[in-house]
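The file protein37.cif comes next; it holds mmCIF, C-alpha atoms.
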```
data_protein
#
loop_
_atom_site.label_atom_id
_atom_site.label_comp_id
_atom_site.auth_asym_id
_atom_site.auth_seq_id
_atom_site.Cartn_x
_atom_site.Cartn_y
_atom_site.Cartn_z
CA MET A 859 77.42 60.91 71.38
CA THR A 860 75.34 62.97 73.76
CA CYS A 861 76.76 64.18 77.02
CA LEU A 862 74.30 64.84 79.81
CA LEU A 863 75.40 66.67 82.91
CA ALA A 864 73.40 66.63 86.09
CA TRP A 865 73.92 69.76 88.12
CA LYS A 866 73.14 69.83 91.77
CA ILE A 867 72.54 73.47 92.57
CA PRO A 868 72.44 74.38 96.24
CA PRO A 869 69.33 76.23 97.36
CA PRO A 870 69.73 79.99 97.70
CA ASP A 871 70.49 81.50 101.09
CA ASN A 872 67.89 84.21 100.58
CA GLU A 873 64.58 83.25 102.27
CA LYS A 874 62.46 85.09 99.70
CA ASP A 875 64.16 83.22 96.84
CA GLN A 876 63.69 79.92 98.68
CA ARG A 877 59.96 80.59 99.01
CA VAL A 878 59.58 81.41 95.31
CA ILE A 879 61.63 78.39 94.23
CA ALA A 880 59.65 76.12 96.58
CA MET A 881 56.38 77.40 95.06
CA ALA A 882 57.75 76.92 91.53
CA ALA A 883 58.84 73.37 92.41
CA SER A 884 55.35 72.71 93.77
CA TRP A 885 53.81 73.99 90.53
CA LEU A 886 56.04 71.60 88.57
CA GLY A 887 55.34 68.71 90.92
CA ARG A 888 58.98 68.52 91.96
CA PRO A 889 60.38 68.15 95.45
CA PHE A 890 62.39 71.03 96.86
CA PRO A 891 65.17 70.13 99.30
CA ILE A 892 64.20 72.86 101.75
CA VAL A 893 60.87 73.64 103.37
CA PRO A 894 61.04 77.43 103.56
CA HIS A 895 60.41 79.17 106.85
CA TYR A 896 57.39 81.44 106.72
CA ARG A 897 56.86 84.12 109.32
CA ALA A 898 53.29 84.78 110.31
CA THR A 899 52.73 88.43 109.55
CA ILE A 900 49.37 89.92 110.36
CA SER A 901 48.99 93.37 108.85
CA GLU A 902 46.69 96.13 110.06
CA PRO A 903 44.54 95.91 106.89
CA GLN A 904 44.25 92.14 107.41
CA THR A 905 43.13 92.58 111.02
CA PHE A 906 40.74 95.38 110.07
CA PHE A 907 39.16 93.29 107.28
CA ARG A 908 38.92 90.17 109.48
CA ASP A 909 37.21 92.17 112.22
CA GLN A 910 34.74 93.71 109.75
CA LEU A 911 34.02 90.33 108.17
CA GLN A 912 33.53 88.66 111.56
CA SER A 913 31.23 91.43 112.77
CA ARG A 914 29.05 91.11 109.64
CA LEU A 915 29.13 87.28 109.65
CA PRO A 916 29.61 86.25 113.30
CA SER A 917 29.07 82.53 112.70
CA LEU A 918 31.75 82.36 109.99
CA LYS A 919 34.80 80.33 111.04
CA ILE A 920 37.95 82.27 110.09
CA GLU A 921 41.54 81.07 110.49
CA GLU A 922 44.45 83.47 110.14
CA GLU A 923 47.90 82.86 108.70
CA LYS A 924 46.99 79.27 107.82
CA ARG A 925 49.52 77.14 105.91
CA LEU A 926 47.93 75.07 103.17
CA ASN A 927 49.83 72.42 101.17
CA LEU A 928 53.31 73.67 102.16
CA LEU A 929 52.54 77.06 100.60
CA PRO A 930 53.16 80.39 102.30
CA PRO A 931 50.47 81.13 104.89
CA VAL A 932 47.25 82.61 103.59
CA ASP A 933 45.90 85.74 105.25
CA LEU A 934 42.44 84.37 106.02
CA PHE A 935 41.06 80.88 105.49
CA LEU A 936 37.39 79.91 105.67
CA PRO A 937 37.73 76.13 106.20
CA GLU A 938 34.02 75.36 105.97
CA HIS A 939 33.97 76.90 102.48
CA ASN A 940 37.46 75.97 101.20
CA MET A 941 37.98 79.68 100.60
CA VAL A 942 41.11 81.78 100.93
CA ILE A 943 41.10 85.55 101.34
CA GLU A 944 44.31 87.35 100.48
CA ILE A 945 44.69 90.98 101.51
CA GLN A 946 46.96 92.42 98.82
CA GLY A 947 48.99 95.34 100.10
CA PRO A 948 51.50 97.33 98.01
CA PHE A 949 54.28 94.71 98.24
CA HIS A 950 52.10 92.27 96.24
CA TYR A 951 52.35 94.57 93.21
CA VAL A 952 55.11 95.63 90.84
CA ASN A 953 56.23 99.08 91.97
CA GLY A 954 53.34 99.14 94.47
CA ASP A 955 51.00 100.32 91.67
CA SER A 956 47.94 98.25 92.79
CA LYS A 957 47.49 97.08 89.19
CA THR A 958 50.22 94.63 88.22
CA ARG A 959 50.70 91.77 90.69
CA ASN A 960 54.24 90.49 91.15
CA GLY A 961 55.33 86.99 90.14
CA SER A 962 55.36 85.40 93.59
CA THR A 963 51.83 86.66 94.30
CA LEU A 964 50.57 85.31 90.95
CA LEU A 965 52.25 81.96 91.58
CA LYS A 966 50.82 81.64 95.10
CA ILE A 967 47.29 82.40 93.85
CA ALA A 968 47.66 79.93 90.97
CA LEU A 969 48.90 77.20 93.32
CA LEU A 970 46.01 77.76 95.71
CA GLN A 971 43.52 77.57 92.85
CA LYS A 972 45.24 74.48 91.42
CA ALA A 973 44.86 72.86 94.87
CA GLY A 974 41.11 73.52 94.72
CA PHE A 975 40.77 76.60 96.92
CA GLU A 976 38.56 79.50 95.95
CA VAL A 977 40.69 82.62 96.26
CA ILE A 978 39.39 86.12 96.83
CA GLU A 979 41.98 88.86 96.48
CA ILE A 980 41.33 92.16 98.18
CA PRO A 981 43.53 95.05 97.05
CA VAL A 982 44.27 97.50 99.84
CA LYS A 983 43.98 101.14 98.85
CA PRO A 984 45.80 103.95 100.66
CA ARG A 985 42.59 105.25 102.26
CA TRP A 986 41.00 101.90 102.99
CA ASN A 987 37.78 102.03 104.99
CA GLN A 988 34.54 100.17 105.66
CA ASP A 989 32.89 101.54 102.51
CA LEU A 990 35.67 100.11 100.31
CA MET A 991 35.44 96.74 102.12
CA LYS A 992 31.67 96.39 101.81
CA PRO A 993 31.62 94.95 98.23
CA PHE A 994 34.19 92.30 99.22
CA ILE A 995 32.29 91.35 102.37
CA ASP A 996 29.07 91.16 100.32
CA GLN A 997 30.86 88.92 97.80
CA ILE A 998 32.05 86.59 100.58
CA LYS A 999 28.59 86.61 102.16
CA LYS A 1000 27.06 85.57 98.83
CA ARG A 1001 29.65 82.86 98.11
CA THR A 1002 29.33 81.35 101.57
CA ASN A 1003 25.52 81.60 101.62
CA SER A 1004 25.83 83.39 104.95
CA GLN A 1005 23.20 85.63 106.48
#
```

Would you put the structure from the file into structure tokens?
Amino acid sequence: MTCLLAWKIPPPDNEKDQRVIAMAASWLGRPFPIVPHYRATISEPQTFFRDQLQSRLPSLKIEEEKRLNLLPPVDLFLPEHNMVIEIQGPFHYVNGDSKTRNGSTLLKIALLQKAGFEVIEIPVKPRWNQDLMKPFIDQIKKRTNSQ
């Protein structure tokens, strides 16, 4: 005789845990009883990159802190190109090392790609400037066929 127990585990009180569990449930195609609250947080590097991108490609439509498919907001969204740009500051990495992305960042990127979005990740360096941004802006320019 097999005994099966169904456990109903209440969602965690911690908002960060709720967001990670909601993303994991999405990956598994399972409903999550809570839609996590996401605060729109626009960082200085995000604003700086957006401004540089917009100045180089003035006709490019850019949306900030856009929620896509119940996922956490993306930093920048180019709706005409189905492209997401994520500015990855130190908190997106294990120990802030700029090499090993943390689990929630990896899961978010994977979910966006699974949903059909092209994702460009831009790691922010301590001395971030226009010269360091140029290759990323050139990459976006090429992928969007922008002039």

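One finds CA of Val952 in chain A at 11.3 Å from CA of Leu964 in chain A.
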
List the neighbours of Leu969 in chain A out to 8 Å using all atoms listed in the file; skip same-chain residues closer than 6 positions along the sequence, and give me the result as an mmCIF file with C-alpha atoms, in the frame of the given file.
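To be explicit, this is the file written out as result-v6.cif:
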```cif
data_model
loop_
_atom_site.group_PDB
_atom_site.id
_atom_site.type_symbol
_atom_site.label_atom_id
_atom_site.label_comp_id
_atom_site.auth_asym_id
_atom_site.auth_seq_id
_atom_site.Cartn_x
_atom_site.Cartn_y
_atom_site.Cartn_z
ATOM 1 C CA MET A 881 56.380 77.400 95.060
ATOM 2 C CA SER A 884 55.350 72.710 93.770
ATOM 3 C CA TRP A 885 53.810 73.990 90.530
#
```

Quiz item: CA of Pro948 in chain A and CA of Lys924 in chain A are how many Å apart?
Solution: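 Distance reported for this atom pair: 21.0 Å.
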
Exercise. Place a sphere of radius 12 Å on (52.1, 75.5, 103.2) in the file coordinates and name every protein, DNA or RNA residue with an atom inside or on its surface, counting all atoms listed in the file; give the answer as a PyMOL selection string.
Key: chain A and resi 877+880-881+884+893-898+923-932+966+969-970+973

Quiz item: By how many Å are CA of Gln946 in chain A and CA of Pro891 in chain A apart?
Solution: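 It comes out at 28.8 Å.
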
Exercise. Would you kindly translate the PyMOL selection byres ((chain A and resi 992-997) around 9) into the concrete residues it picks from this file, as JSON, numbers by chain?
Key: {"A": [907, 910, 911, 914, 915, 978, 979, 980, 987, 988, 989, 990, 991, 998, 999, 1000, 1001, 1002]}

Practice problem: Determine the residue set returned by the PyMOL selection byres ((chain A and resi 904) around 10) for the present structure, and present it as a list in words. | Solution: Thr899, Ile900, Ser901, Glu902, Pro903, Thr905, Phe906, Phe907, Arg908, Asp909, Gln910, Glu922, Asp933, Leu934, Ile943, Glu944, Ile945, Gln946, Gly947, Ile980 and Val982 of chain A

Self-check item: Proximity to Val942 in chain A - best of A:Asn1003, A:Gln971, A:Ser962, A:Gln912, all atoms listed in the file
Solution: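 Answer, going by the shortest atom-to-atom distance: A:Gln971.
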
Practice problem: Taking the file as shown, find all residues satisfying the PyMOL selection byres ((chain A and resi 936) around 8) and write them as a list in words. | Solution: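 That expression, the PyMOL selection byres ((chain A and resi 936) around 8), corresponds here to Leu918, Lys919, Ile920, Glu921, Leu934, Phe935, Pro937, Glu938, His939, Asn940, Met941 and Val942 of chain A.
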